[in-house]
Each structure stands twice: as C-alpha cells, then as structure tokens.
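Everything below concerns the one structure shown next.
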Amino acid sequence: MVQHRLPMIPSAGEVSWVASINGVKKQLNIENNAILLDVLRDKAGSLGTKRGCDMGTCGCCSVLINGEPRLSCLTLAAEAEGYEITTVEGLADGHHLHPIQEMFAECGGSQCGFCTPGFLVVSSALLEENPSPSDEEIKTAIEGNLCRCTGYQQIVDSVRAASAILTSGESVEDSTSPKSDPHPGFSGE
Amino acid sequence: MSKDENEDEMVGYRQQPGKLPFAKPGSGGKDRFSRPTDQEMIPESQGGELAQPWGSHRHDNLVSGQVIGKATALVDGRWKVTGQAQYGDDIRLPGELIGRIIRSPHHYARVLSVDFSKALEVPGVVAIATGADAENKFGVLPVTKDEHAMAVEKVRHVGDLVACVAAEDEATAREAERLIEVEYEILDSIHDMRDGLQDSDLPIHDRGKYHIGEANVQKRVFQEFGDVDGIEENAIASHKENWLFAGVNHAATEPHAVVANWDPAGRLTLYTPQQVPHYVHRALADVLEIPMHQINVHRTFVGGGFGGKSDPFPHEMCSAILARKSGRPVRITFDREEVYWINRGRHPSRIEMNLHADSQGRICGIETDALIDGGGFASFGHVTTYYNGVLHTAPYEIGAFHYTGARVWTNKPASGAMRGHGAVNSRCAVETGLDDLAEKLSVDPIDLRLANLLPPHSATITGFRVTSIGMRECLERVKKESGWDEKFRKMPLGKGIGIGCGFFISGSGLPIHWDPNKFPHATVHLKIDMDGGVTVHTGAAEIGQGSDTVVAQSVAEVLGLPLDLIRIRSKESDTSPVDLGSYSSRVTFMNANAAISAAMQIRDELLDATAEITGAKREKLVIGDRRIFAKNDPAVGVSYLEALHKAQEDRGALVASGAYRTPPMGRTHKGAAAGLAPAYSFSAYVAEVSVDVETGQTKVEKVWAAHDCGKALNPLAVKGQIIGSCHMGMGQVLSEEMKYGRSGHLMNPDLLDYKIPSVHEMPEVVPIIVESNDPEGPFGAKEAGEGPLLPILPAVCNAVYDAVGVRTAELPITPERLLRIIERKCKAEGVDDPIKLPSPRLEYSELQAVLSKRAEEHAKRDLERRLNDNRQPYHNGALFGLDPTTPPDEVDQKWAVNVIPSEEYLSDPRLAGSAWKHTERRHRGDS
C-alpha cells in the first residue's frame, strides 16, 4: 500500500542564535525552525530539561524565559532569541542548591524524578514572585505539570517547605562541604 | 578503652585515629562524635523503647537505631533535583546515530515485502534493519515467547514494528522512514475481546500443537476450590455484576528510550530505563545470538515504570541491531504516541462477579469469570490470567471459589503488567460486590469484612501461605479516622463515603525464569575498603520507588553507619549481581533481605575484630553509631574504623555476598504457583466523594488510606507510594481510558486526551501506615508499591453509590456514563429531577449484631495467633466448621480442588469459561 505523507525537509536552513542560558551567553547555529526544547537538549547541553510529550501536556520541559515559566516544547527557539533562559541546571548557586531543590529531595517531592525539573522551574518562579504562597496558589502554579509518581501531595509539601526556608532567610548547605572530619583525633585540641 | 574526661565525649564516643596513616582520610560520617543510640528506635525486645505490639522480629538484634523507620530522603534525590540524573534519552555517546522505527499502519496484515533501497540512498542514512535481521523470538515469560524485534511475517496491531533506520540526525531518519516501502496484505482484524474466544481463520499467533482450538485464546484458567456445589443451597443473599474495565496505560512521564553501543572488543552495552534489566539481558542474548557475558545492560535512571518498562522490548533489540550494523552507537527515543503503541498497560477486561453470603453473614462463595484483552502479544499475560482470580481469595475466609479466566489476543497494542498487576479490576468487582452484599443483608460493610477475615498465619482457600495480616487494623483505623459511623448512609444526596480493601503479593514466589539450580531471587555484594565507605552492588532497579535508598538503609542500619557512608552501584549488569528486577513488589522484601544477610557477615567480622582489640566478650558487643561497644559498659569499645582496620589486617577490603530465595510454599495443583508470595500486603481505604447529580461529575474529596506494609523502613517513601497509588487508581476509576474507535483505532494516544489526574483532581490523602511486623520481611517489612492502588477504585465506586444510590459497572466513571445511569434511575423511580432522588439509607438487620460479635471474637483470636509462636495451623474453611489444622480438601470430599472443567460446566459456561470449549491441537489428533 502506498502511504501518503507530506515529504519532510531533511534540513532547514541554519541561522545563528544568541541567548543567555543559565546566565551564560551562548551563540549557537540552529535550524531556523528549531524548537527551543531541541536546542536546549541537543545543542546547549541542558539535558536536565526533559521531553515528555512534545505537545505541551506534561510540563516536563518547562523553562523560565525572562523569569516566566514557558513550555519549551511549544516555543520556537527564535521566539526566545536574546532572552534569559533558565533551566533546572540554573537554579542552584554552584553547589548551594536552591531551597526548592533541597526540599524536593528532602520531602519526597521527587520520586522517579523525570517531571521534577519542570516542577522545580515552575515553583521557583512562583516563589520568586510570591515567597509565601497558600496551598491553593501552589496548586495553581503547578497545574500545568503532570506527575505520575507522587500524587502531588508531597510536591505541595516541598514547595511549602521551600517557602518557609526562603522567608526565614536560611541558606542551604554547600553539597561539597566535607561530610566527615578528614582528620579525626587531630583537630588540634 | 578507658573513659575520657571530656564531657562531649561522654555523650557519644570520639572517633579514634586508628592505625596511622590508614585512618587519616575520612573517618566516616558528618559528625565528629558518634551519636548516642536513639533508644526510641531500638525494639523493646533489645531493651529499647520502641513498642512492639506485634511481637519481636528476627532482625531486632540488628537494629542500631540509625535510619530504619525514619523518614529518609532518597539517596539519589540530589541528582534528580539538579537535572544531573541521566534517563534513557540523556545518554549521549560520541558519534551517535538516531534510530527511528517504522510502524504498521494496519491492525493486522501480512508483510509481503519491505523495500528500503530508496531510503538507503538518502545522504546520512547509515543502517536499516527489518525482521529478517533477527528472527529469534523473545518475550518476558519463557513459556510464551512470541515477539520479534520487527515483524517477521505479520504485523499484529497498529504501531507494530516493521523496520528501523539509523541516521545521522532525526530529520534524516524520518525522511528515510518515509521512503521505506512496505507492501502489506491486509487481514481481517479482531478488536472485541469476545471475538477472540471464537475460532478464526488466521489466529493472531500460532502456538503449534499447544494452540487452543483455532481461536485467539492465549491462556485459559479453570479453578474450583471449596464447596462450590453447596453455594446455591447455603446462600441467602447474592450479588451479580458484569463489569467492563477499559484498558489503562502507565503514562510514565518518561517515554521509552534506549541507546546501544558495541565496544571495539565486540561487547554490547545497552543503556535503557528498565525495571527488569536481567530479562532484557536474557532476551538480547536470544535475539542477537551472542552469549550473555558479551552484554552489559546499563540501567539508566528510570522516569517512571509502573510495569510499563518491565518487558524486554523490541525497540531495545532494534537499537542493538542497528548499532551492530552501523558500528556506531544508536539512540532511539519514543514519541509519546509510541508509548501507547508499545503499551503493556492494564488489560481491558470483562469480569462477571458473583458473591454469595449465607445466613451467618459468611462469604460462602465467590464465582469470578474474567475475560481479559491481551492485545497483540503475550507479555506477562499468562500470569495476569491467574492473578485476576487467585488474588481475590484473601483477605476473607470463603466457602467456595470458582474461577474461570481467559486471555485473548486481539489486534490492539499488547496489554501487560501494570501496578497492581491483574488484581486491580477483579478486586474492584469483589469489593463493590461486598458493599452490595452488605446492603442486601442490611449490615455495615466494614463489619461484614471484619467478621470474615482470615487470621494471621493461615492458608487461603487456594493454599497461599499468609503470614502477617494487618487487615483488621487497617479497617479499624480508617473507620475511626474517617468518622465512618457518622457518615455512612447518613449524608445528603450527592455526598458519599465508601470502603474498599486490597490484598497483594509482596514478591512473586517463583522467579519468572524458574531455574532448577535454585538461583537466588536477589543477591547483594558489599565491599568496604580502608576509607570506611561501603559500596553496595545490587542489580535491583531503582525506578523512583526508593530501592537504592532502602538497600542503603538496610546496610547502614546493620553496620551502624550514617547513610552518606553508603554508596549504591545498581546500574550495570557487569558490576551488579543478578536481581530479578522491580516487578511484583519484590524489591524491598527480597533485596533488603539479601542486603541484610551480606551486611551481617561484615558485622560479624567487625564484632570479632572488636572482641580481639578490647578483650570484651563478642556476645556482649553491640553496634551503635560508628562505634562498637560492650552493652553493659559503653565505655568499652572501639570506633567503626578501628574495628574495620583490624578486620582488614592481612586481607584488605572486606567483601561479602548475601542472597535471598523464597522458602518452599504452596500446593501442587496446576497454577498453584501463581500468586504465591513470601508475604502479602493488606490495605483498606475510605473515600469521601461528592457527585453532582445533574452533571454526573464525581470529585473525590478526601481519602483515608491505611496500608499494612509490615514495617515502614522509610515512612516518607511509603507515604509517597500510598498517595501516588491513590493518584493512579483515581485516574483509572474516574478518567483514564484507552479509547478505541469503531474501526478499532486507538483514539487517544497522547496525554491530552488520555486524562491522568492533575493536581486539582487529587483529593487530600491521609496515609495511615499499619505495621504488622512480617516474620520474614527485612526488619518486618512488606511491599508498599502496588497494594495501595487496589482499594481506591472500589472505595470510590462505593462512595458514589452512597452519594447517589447508583452503581456503575463500567470504568472509568466519566460524567457521561454516570449521568446516563442517574437518568435511568430517575426514570425507574419516577423522579423528574435528579436532585429529588432519595439518598441511600440503611437500617441494620439482626445479622449486624451477629457480625459485630464475631468480629470481636476474631479480633481476640487474631491477637492470640500473632503473638503465639506455637500456634496451630489455620486453613481457610474453619469458619465453615471444618478442622482448621488440615487443608479442607483432605478432610471433606465436597472441598475438592478442581482445575479441569466438567462436561456439565461446559454445557453452559460463563463468557471466559467458554474458552474451555476448545480442544488443544495436540489432543485433537487432527494436526
């Protein structure tokens, strides 16, 4: 049987594209019809941004464009040209995790972890705008993200816990700090 | 060791330098001082403060108060929250090619030819493979290997694999996909599972001499236990319902992906997000015709499994074949739509459920007939067919069990194992049936259950050995916490409350690849070198449920170490001992037991070393936080590192291997092994719903979810599993459905139309952990991953009845369906507006007092049985007056076990039972 499909163009024309990704200005050669998600994953090395559905239903690919949560699978790279893009890799300050990251790990907000980058990005934007959101506000912020493991309850708990840390002004420990005393018994006492 | 004068060091114990310079780098643990033992975590039996109402446990003496029972963050959590966790599609090897799969557009067709010459000419196309490249069959169960990497003769459903291509980039691969010309001869497809029972001109598979008739019946089961003939005579109330359950997909957020790479030495490494890497390992060896030692299966992070990543998959074979042909790594990633083509979700099912109660309010009979739609391939279906029956023979004591089950092939994507494998649909039918039975007997449905529970340490009617049972406590807790007595049948129209229970295996008793060599189910290796860190090698697949964490916890607990001293290596088959994988809720039970047994060997060596250093008696030594000391004089002791370095003298790193294999269990009739498990979990949920009677919209408001997991090794993870199970079960009961159109085409292969609950649909879930202290579980633990899904479906269905007085027998309960039923009810009641419908109410009958009294007596019986180690055997049937100490079929002729249908039954079989009308080819003598 003959299959009728529109022929695909193997390669669109390439253009030069500039954006700031996690604070680093990048210039990349991309296809002019490239989707932002593909650029982030395949060209910019942000493999933390996940592909779940390619049609804006799951929220796994959420990134911040100039601080606003956006679905990178529904965004043409050209639309984000010149903007500041923040992915999950850009949330931490070096090895000091963002409180939202720390709390997702501590409070069970992340099980299999595949949807986690999307939730983190979206809820960090929420906390940026509203450091002490109500449960309803948290739910509204994450309504576009699907999670199949947690049933969302521990995700809401995590966001609430992160909000408590942010409003109290505590900072999160550097994950590379020594986990043990390198010289036990030789502390100079 | 003399007492130190420093106050701080009196509290715990100061790390000692040990033998210089070995001790210098890293003492182990964040704190410089050992923490005092947390007495609240030490069991009473060891002189601690942890209450043990369920008695002592064989692992009590291993408890050091470190991590077991404490809410523990997943040990790989940091990778996930920073985006560093590498899932299938995140494996990017240098020089990789992108693979695409060419799929069938037809339901059922013969593949006449595949012409890929034009595609090969496209610049950038490197390799193309078809079914001819790998003709060996594979499948997860050795008895039903029926899959090929790509179609060899026929395609069996839309989306079935025909060919695959590897190219420099995705656009080129897609272009090649378009240019591959496949000639099909379209065959008559079947889509209704009932048609699968009939003889066909061209069955979807040919099982040779084992083929059942000329039909599409893949597996059939007939089982009779107990006094089946007496049901009619004994019953005073009966329930009958014909259920229709839609197929459900796992909808894990990560679409399947795989990367294959052959190294220059000719070994294959397959990177894949798999729940059961070991079976992939076996299947690859079969398909590629290379020995297993030439393959390294690397499990990546798994972005959700739920059973959907537990088969060896054809696309995994394709990537290996393409990589072999091209000499370069090949990465294949699914679109969301392809996830639905590979499916392996919950079987669409037609279940007829008959329940009978006698004058004493005993369940004198369960008759189940389950026809399940397997789609195009066998997958786990052989087991699913049994599970639809045998997994509802508990937790209740029953007088008779009659089960007929059949699984048929249809031209749909294959069904397989999904969370709560095979038990979910029939459990829903049983539990809603019990609700109806209680209504007919005019008794409280919770009391009806409480008066019919099997006691701890008993055998079910099918001969399953059940050890710990926390069912009664689950029921009592949800009853109390939900305020059941004030709400049940007392709420206004549109508000309802319902109960549902569950029972699930904690690890399948027989490994899928049954092996006469008595291989263990799980093996764990430990290695501790002079730095003091413990490397744990395990093949258990971490799929987000926290299996790495639980094995780390077990080792940490036994050795008295903080978690950050434990590192888990569980990814590669090259370095990890064989573990059968993350299915059948087996990992915590089996793998943690193996880990404990390995850690005990190291512990023994540390104790020996300490005894040698201190001169203290070995039996008097206990392990605390990074310290081993005399129990009666904590000042006498050494640090963990000192003991370790002593133990390492003359031999270096300590290594140990621990394994777990299930004990011999069960009976000998055909199919007796299906459903056998070393332990079973129990759960009871109460759901409160509101139903808009004018639109049929159901909203679950709150769920009280009690689950008996034996012992919550990590309460944070257990609660996560309970709430997550509610989410998945709620999806199935209210919105999730694989919809097939009139032509048999799947209409919603995406997450927009396949509706999983979002945060707004989720009710508040109150997780209630019941700890029944399983005698064989690690520290008393059982499963918590699948069992908690079962009760939510019937709890919601029963709550809908309590709210509007109608029962549905078709899932999901979409507003359209419910509204239709409400309209029918209005017509029958002669009510013009649904808001005028009467709310269901209940006046108790005299039987209620009988049940309450029996429940009270049984509560005493159960308590006595769980604490008394010299208990008598208890076989199902004692409630009906039989001798509890012998299997009933041995004492009463009427209770004979029967696995072959009689002529009489075949003259008027139920739907799935009619599969037995066919004769296997080998018995027909005409083939």
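A note on labels: chains of the structure tokens are A, B, ... as shown, every chain counts residues from 1, and ligands are counted from 1 in their shown order.
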Near-range 371-387 of chain B list (8 Å; only C-alpha atoms; drop same-chain fewer than 2 positions) as a PyMOL selection string: chain B and resi 139-141+144-147+156-157+193-194+204+218-221+311+344+347-351+369+389-391+405-417+421-423+671+674-675+911-912
Take the selection from the previous step and output its residues with N, CA and C atoms, as a compact mmCIF listing (two decimals), in the first residue's frame.
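The resulting file, selection-v4.txt, is reproduced below:
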# COMPACT_ATOMS: atom_id res chain seq x y z
N GLY B 139 10.39 -12.89 24.68
CA GLY B 139 9.23 -12.48 25.47
C GLY B 139 9.63 -12.58 26.92
N VAL B 140 8.89 -11.87 27.76
CA VAL B 140 9.33 -11.82 29.15
C VAL B 140 9.16 -13.18 29.84
N LEU B 141 8.12 -13.91 29.49
CA LEU B 141 7.94 -15.23 30.10
C LEU B 141 8.48 -16.30 29.16
N THR B 144 5.97 -18.18 26.97
CA THR B 144 5.18 -17.51 25.93
C THR B 144 6.03 -16.52 25.13
N LYS B 145 7.15 -16.97 24.61
CA LYS B 145 7.96 -16.08 23.78
C LYS B 145 7.27 -15.93 22.43
N ASP B 146 6.74 -14.78 22.14
CA ASP B 146 6.01 -14.63 20.88
C ASP B 146 6.29 -13.30 20.18
N GLU B 147 7.37 -12.63 20.59
CA GLU B 147 7.66 -11.34 19.96
C GLU B 147 8.92 -11.44 19.11
N ARG B 156 0.75 -7.18 13.97
CA ARG B 156 -0.40 -7.62 14.75
C ARG B 156 -1.21 -6.48 15.36
N HIS B 157 -0.73 -5.28 15.25
CA HIS B 157 -1.55 -4.14 15.68
C HIS B 157 -0.98 -2.89 15.04
N MET B 193 -12.82 -8.28 22.48
CA MET B 193 -12.18 -9.43 23.12
C MET B 193 -13.07 -10.68 23.06
N ARG B 194 -14.38 -10.47 22.97
CA ARG B 194 -15.26 -11.65 22.91
C ARG B 194 -15.04 -12.43 21.62
N ILE B 204 -4.07 -14.84 15.56
CA ILE B 204 -3.01 -13.82 15.58
C ILE B 204 -1.65 -14.45 15.83
N GLN B 218 -5.10 -17.04 24.35
CA GLN B 218 -3.68 -17.19 24.67
C GLN B 218 -3.50 -18.04 25.92
N LYS B 219 -4.39 -17.84 26.90
CA LYS B 219 -4.29 -18.59 28.15
C LYS B 219 -5.68 -18.75 28.73
N ARG B 220 -5.95 -19.91 29.31
CA ARG B 220 -7.24 -20.09 29.98
C ARG B 220 -6.99 -20.78 31.31
N VAL B 221 -7.83 -20.44 32.26
CA VAL B 221 -7.67 -20.98 33.61
C VAL B 221 -9.03 -21.43 34.11
N ASP B 311 8.99 -5.25 30.38
CA ASP B 311 9.17 -6.29 29.36
C ASP B 311 10.50 -6.03 28.64
N ARG B 344 1.57 -2.26 27.06
CA ARG B 344 1.72 -3.19 28.20
C ARG B 344 0.94 -2.70 29.43
N HIS B 347 -5.04 -4.63 31.34
CA HIS B 347 -5.88 -5.28 30.35
C HIS B 347 -7.30 -4.70 30.35
N PRO B 348 -7.83 -4.38 29.18
CA PRO B 348 -9.28 -4.18 29.12
C PRO B 348 -9.92 -5.50 29.55
N SER B 349 -10.94 -5.47 30.39
CA SER B 349 -11.45 -6.72 30.95
C SER B 349 -12.97 -6.71 31.02
N ARG B 350 -13.51 -7.90 30.84
CA ARG B 350 -14.93 -8.13 31.12
C ARG B 350 -14.97 -9.12 32.27
N ILE B 351 -15.47 -8.69 33.39
CA ILE B 351 -15.45 -9.55 34.57
C ILE B 351 -16.86 -9.75 35.08
N ASP B 369 -15.56 -14.73 36.69
CA ASP B 369 -15.26 -15.09 35.31
C ASP B 369 -14.61 -13.86 34.68
N GLY B 389 -7.89 -14.03 39.17
CA GLY B 389 -8.70 -14.87 40.05
C GLY B 389 -8.09 -14.99 41.42
N VAL B 390 -6.90 -15.60 41.46
CA VAL B 390 -6.36 -16.01 42.76
C VAL B 390 -6.09 -14.86 43.72
N LEU B 391 -5.88 -13.66 43.21
CA LEU B 391 -5.55 -12.57 44.12
C LEU B 391 -6.77 -11.98 44.81
N GLY B 405 -10.97 -17.99 33.82
CA GLY B 405 -10.31 -16.82 33.25
C GLY B 405 -9.77 -17.15 31.88
N ALA B 406 -9.75 -16.17 31.00
CA ALA B 406 -9.16 -16.38 29.69
C ALA B 406 -8.56 -15.07 29.21
N ARG B 407 -7.42 -15.20 28.57
CA ARG B 407 -6.79 -14.04 27.95
C ARG B 407 -6.74 -14.28 26.46
N VAL B 408 -7.23 -13.31 25.72
CA VAL B 408 -7.27 -13.49 24.27
C VAL B 408 -6.37 -12.47 23.58
N TRP B 409 -5.88 -12.87 22.40
CA TRP B 409 -5.16 -11.93 21.56
C TRP B 409 -6.18 -11.14 20.74
N THR B 410 -5.98 -9.85 20.65
CA THR B 410 -6.74 -9.04 19.71
C THR B 410 -5.74 -8.14 18.98
N ASN B 411 -6.20 -7.43 17.95
CA ASN B 411 -5.27 -6.59 17.19
C ASN B 411 -5.17 -5.20 17.80
N LYS B 412 -4.74 -5.20 19.05
CA LYS B 412 -4.51 -3.94 19.76
C LYS B 412 -3.09 -3.97 20.31
N PRO B 413 -2.56 -2.82 20.71
CA PRO B 413 -1.26 -2.84 21.38
C PRO B 413 -1.34 -3.78 22.60
N ALA B 414 -0.24 -4.49 22.87
CA ALA B 414 -0.28 -5.53 23.89
C ALA B 414 -0.52 -4.96 25.28
N SER B 415 -1.37 -5.67 26.04
CA SER B 415 -1.53 -5.37 27.45
C SER B 415 -0.46 -6.15 28.21
N GLY B 416 -0.22 -5.74 29.43
CA GLY B 416 0.82 -6.43 30.19
C GLY B 416 0.66 -6.21 31.67
N ALA B 417 1.80 -5.97 32.31
CA ALA B 417 1.78 -5.78 33.76
C ALA B 417 1.68 -4.30 34.06
N HIS B 421 -0.76 -5.53 39.29
CA HIS B 421 -0.86 -6.50 38.21
C HIS B 421 -1.99 -7.54 38.36
N GLY B 422 -2.97 -7.47 37.48
CA GLY B 422 -4.00 -8.50 37.43
C GLY B 422 -4.99 -8.47 38.58
N ALA B 423 -4.68 -7.73 39.64
CA ALA B 423 -5.55 -7.78 40.82
C ALA B 423 -6.52 -6.62 40.87
N GLY B 671 -1.17 -24.41 38.30
CA GLY B 671 -1.36 -22.98 38.58
C GLY B 671 -1.18 -22.61 40.04
N ALA B 674 1.04 -19.50 40.88
CA ALA B 674 0.66 -18.13 40.54
C ALA B 674 0.02 -17.48 41.76
N GLY B 675 0.62 -16.40 42.20
CA GLY B 675 0.08 -15.70 43.36
C GLY B 675 0.77 -16.07 44.65
N LEU B 911 -18.68 -16.53 30.19
CA LEU B 911 -18.02 -15.98 28.99
C LEU B 911 -16.58 -16.48 28.82
N ALA B 912 -15.72 -16.17 29.80
CA ALA B 912 -14.33 -16.60 29.67
C ALA B 912 -14.23 -18.11 29.78
Shell of 9 Å around Ala141 in chain A, only C-alpha atoms, local chain residues under 5 positions omitted, as a list of chain:residue names: A:Val122, A:Ser123, A:Ala125, A:Leu126, A:Glu136
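Compared by their closest atoms to chain A, and using only C-alpha atoms, the residues B:Ile543, B:Ile212, B:Ala459, B:Leu284 rank with B:Ile543 nearest.
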Who sits within 7 Å of range 235-241 of chain B, only C-alpha atoms, same chain under 3 positions skipped, as a PyMOL selection string: chain B and resi 231-232+352-359+364+433+436-437+440-441
Residues flagged strand (DSSP E) by DSSP in range 16-88 of chain A, as an MDAnalysis selection string: chainID A and resid 16:21 24:31 62:65 68:71 84:86
Among the residues A:Ser20, A:Thr116, A:Ser168, A:Thr86, the one that comes closest to Ile155 in chain A [using only C-alpha atoms]: A:Thr116
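Using only C-alpha atoms, the protein and nucleic acid residues lying no more than 10 Å from Asn32 in chain A, apart from those fewer than 2 places from it along its own chain, are Ser11, Ala12, Gly13, Glu14, Val15, Ser16, Trp17, Asn29, Ile30, Ala34, Ile35, Leu76, Ala77 and Ala78 of chain A.
Distances to Leu97 in chain A were evaluated for A:Ala162, A:Leu74, A:Leu36, A:Val63 using only C-alpha atoms, and the minimum falls at A:Ala162.
Between Gly144 in chain A and the residues A:Pro99, A:Gly48, A:Gly59, A:Gly113, the shortest atom-to-atom distance, using only C-alpha atoms, involves A:Gly59.
For the choices B:Leu811, B:Leu322, B:Ala252, B:Val897, the atom-to-atom distance to Gln732 in chain B is smallest for B:Leu811 when using only C-alpha atoms.
Nearest residue to chain B, choosing from A:Arg70, A:Arg51, A:Lys43, A:His96 and counting only C-alpha atoms: A:Arg51.
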DSSP alpha helix (DSSP H) selection over range 484-649 of chain B, as a ChimeraX atom specification: /B:484-487,547-559,592-614,640-647
Those residues you just picked out, can you put them in a file as a compact mmCIF listing (two decimals), in the first residue's frame with N, CA and C atoms?
# COMPACT_ATOMS: atom_id res chain seq x y z
N TRP B 484 -16.56 7.20 60.07
CA TRP B 484 -17.45 6.34 59.25
C TRP B 484 -18.86 6.26 59.82
N ASP B 485 -18.93 5.99 61.13
CA ASP B 485 -20.25 5.74 61.73
C ASP B 485 -21.18 6.95 61.63
N GLU B 486 -20.59 8.13 61.60
CA GLU B 486 -21.45 9.34 61.50
C GLU B 486 -21.81 9.65 60.05
N LYS B 487 -21.07 9.05 59.11
CA LYS B 487 -21.28 9.46 57.72
C LYS B 487 -21.96 8.42 56.84
N SER B 547 14.39 2.07 45.83
CA SER B 547 15.02 0.79 46.14
C SER B 547 16.48 0.97 46.51
N ASP B 548 17.17 1.92 45.88
CA ASP B 548 18.56 2.20 46.28
C ASP B 548 18.59 2.65 47.74
N THR B 549 17.61 3.48 48.09
CA THR B 549 17.58 4.03 49.43
C THR B 549 17.33 2.94 50.46
N VAL B 550 16.43 2.03 50.15
CA VAL B 550 16.07 1.02 51.14
C VAL B 550 17.22 0.04 51.33
N VAL B 551 17.97 -0.24 50.27
CA VAL B 551 19.10 -1.15 50.44
C VAL B 551 20.22 -0.44 51.20
N ALA B 552 20.39 0.85 50.93
CA ALA B 552 21.39 1.62 51.68
C ALA B 552 21.00 1.68 53.16
N GLN B 553 19.71 1.90 53.41
CA GLN B 553 19.25 1.95 54.80
C GLN B 553 19.51 0.64 55.52
N SER B 554 19.22 -0.47 54.84
CA SER B 554 19.38 -1.77 55.49
C SER B 554 20.84 -1.99 55.87
N VAL B 555 21.75 -1.68 54.95
CA VAL B 555 23.17 -1.88 55.23
C VAL B 555 23.62 -0.93 56.34
N ALA B 556 23.18 0.33 56.25
CA ALA B 556 23.57 1.32 57.25
C ALA B 556 23.09 0.90 58.64
N GLU B 557 21.89 0.38 58.68
CA GLU B 557 21.32 0.00 59.98
C GLU B 557 22.12 -1.12 60.62
N VAL B 558 22.43 -2.14 59.84
CA VAL B 558 23.11 -3.30 60.39
C VAL B 558 24.54 -2.95 60.81
N LEU B 559 25.18 -2.05 60.06
CA LEU B 559 26.57 -1.72 60.37
C LEU B 559 26.70 -0.48 61.26
N ALA B 592 16.30 -6.23 50.20
CA ALA B 592 16.75 -5.78 51.52
C ALA B 592 17.12 -7.00 52.37
N ASN B 593 16.41 -8.10 52.20
CA ASN B 593 16.80 -9.31 52.92
C ASN B 593 18.20 -9.77 52.49
N ALA B 594 18.46 -9.70 51.19
CA ALA B 594 19.79 -10.09 50.71
C ALA B 594 20.85 -9.13 51.26
N ALA B 595 20.52 -7.85 51.28
CA ALA B 595 21.47 -6.84 51.78
C ALA B 595 21.75 -7.08 53.27
N ILE B 596 20.71 -7.39 54.01
CA ILE B 596 20.90 -7.64 55.44
C ILE B 596 21.81 -8.84 55.63
N SER B 597 21.59 -9.87 54.83
CA SER B 597 22.40 -11.07 55.01
C SER B 597 23.86 -10.79 54.66
N ALA B 598 24.12 -9.94 53.66
CA ALA B 598 25.50 -9.58 53.35
C ALA B 598 26.09 -8.72 54.47
N ALA B 599 25.30 -7.77 54.95
CA ALA B 599 25.80 -6.87 55.99
C ALA B 599 26.08 -7.61 57.29
N MET B 600 25.30 -8.67 57.53
CA MET B 600 25.52 -9.44 58.75
C MET B 600 26.89 -10.10 58.75
N GLN B 601 27.35 -10.48 57.57
CA GLN B 601 28.68 -11.10 57.52
C GLN B 601 29.76 -10.08 57.87
N ILE B 602 29.61 -8.86 57.35
CA ILE B 602 30.58 -7.80 57.67
C ILE B 602 30.49 -7.48 59.17
N ARG B 603 29.24 -7.44 59.63
CA ARG B 603 29.02 -7.13 61.05
C ARG B 603 29.74 -8.14 61.94
N ASP B 604 29.62 -9.41 61.56
CA ASP B 604 30.30 -10.45 62.35
C ASP B 604 31.80 -10.20 62.38
N GLU B 605 32.35 -9.82 61.24
CA GLU B 605 33.80 -9.60 61.20
C GLU B 605 34.19 -8.40 62.05
N LEU B 606 33.34 -7.36 62.04
CA LEU B 606 33.64 -6.19 62.86
C LEU B 606 33.55 -6.54 64.35
N LEU B 607 32.57 -7.36 64.69
CA LEU B 607 32.42 -7.75 66.10
C LEU B 607 33.62 -8.60 66.54
N ASP B 608 34.04 -9.52 65.69
CA ASP B 608 35.21 -10.34 66.01
C ASP B 608 36.43 -9.46 66.25
N ALA B 609 36.62 -8.49 65.36
CA ALA B 609 37.78 -7.61 65.47
C ALA B 609 37.71 -6.82 66.77
N THR B 610 36.52 -6.33 67.10
CA THR B 610 36.35 -5.55 68.32
C THR B 610 36.65 -6.41 69.55
N ALA B 611 36.15 -7.62 69.51
CA ALA B 611 36.40 -8.52 70.64
C ALA B 611 37.90 -8.72 70.81
N GLU B 612 38.58 -8.83 69.69
CA GLU B 612 40.02 -9.05 69.76
C GLU B 612 40.75 -7.82 70.32
N ILE B 613 40.33 -6.64 69.88
CA ILE B 613 41.00 -5.42 70.35
C ILE B 613 40.72 -5.19 71.84
N THR B 614 39.45 -5.30 72.21
CA THR B 614 39.07 -4.87 73.56
C THR B 614 39.15 -6.00 74.57
N TYR B 640 34.17 2.42 64.63
CA TYR B 640 33.95 1.58 63.45
C TYR B 640 35.23 1.40 62.65
N LEU B 641 35.95 2.51 62.46
CA LEU B 641 37.15 2.43 61.63
C LEU B 641 38.23 1.56 62.26
N GLU B 642 38.35 1.65 63.58
CA GLU B 642 39.34 0.80 64.24
C GLU B 642 39.02 -0.67 64.04
N ALA B 643 37.77 -0.98 64.27
CA ALA B 643 37.37 -2.37 64.09
C ALA B 643 37.57 -2.81 62.65
N LEU B 644 37.22 -1.91 61.72
CA LEU B 644 37.34 -2.23 60.29
C LEU B 644 38.80 -2.52 59.93
N HIS B 645 39.67 -1.63 60.39
CA HIS B 645 41.08 -1.80 60.02
C HIS B 645 41.68 -3.05 60.65
N LYS B 646 41.19 -3.39 61.83
CA LYS B 646 41.65 -4.64 62.44
C LYS B 646 41.19 -5.82 61.59
N ALA B 647 39.92 -5.74 61.17
CA ALA B 647 39.36 -6.85 60.39
C ALA B 647 40.04 -6.97 59.02
One-decimal distance in Å that lies between CA of Val800 in chain B and CA of Asp833 in chain B: 18.2 Å
Range 104-116 of chain B surroundings by only C-alpha atoms, 8 Å radius, close-in-sequence under 3 positions cut, as a PyMOL selection string: chain B and resi 119-120+128+130+151-162+179-189+411-412+744
Spatial neighbours of Thr72 in chain B, max dist 12 Å, only C-alpha atoms, sep filter under 3 positions, as a VMD selection string: (chain A and resid 105 to 108) or (chain B and resid 66 to 69 75 to 77 546 548 to 550 552 to 553 562 to 564 712 to 720)
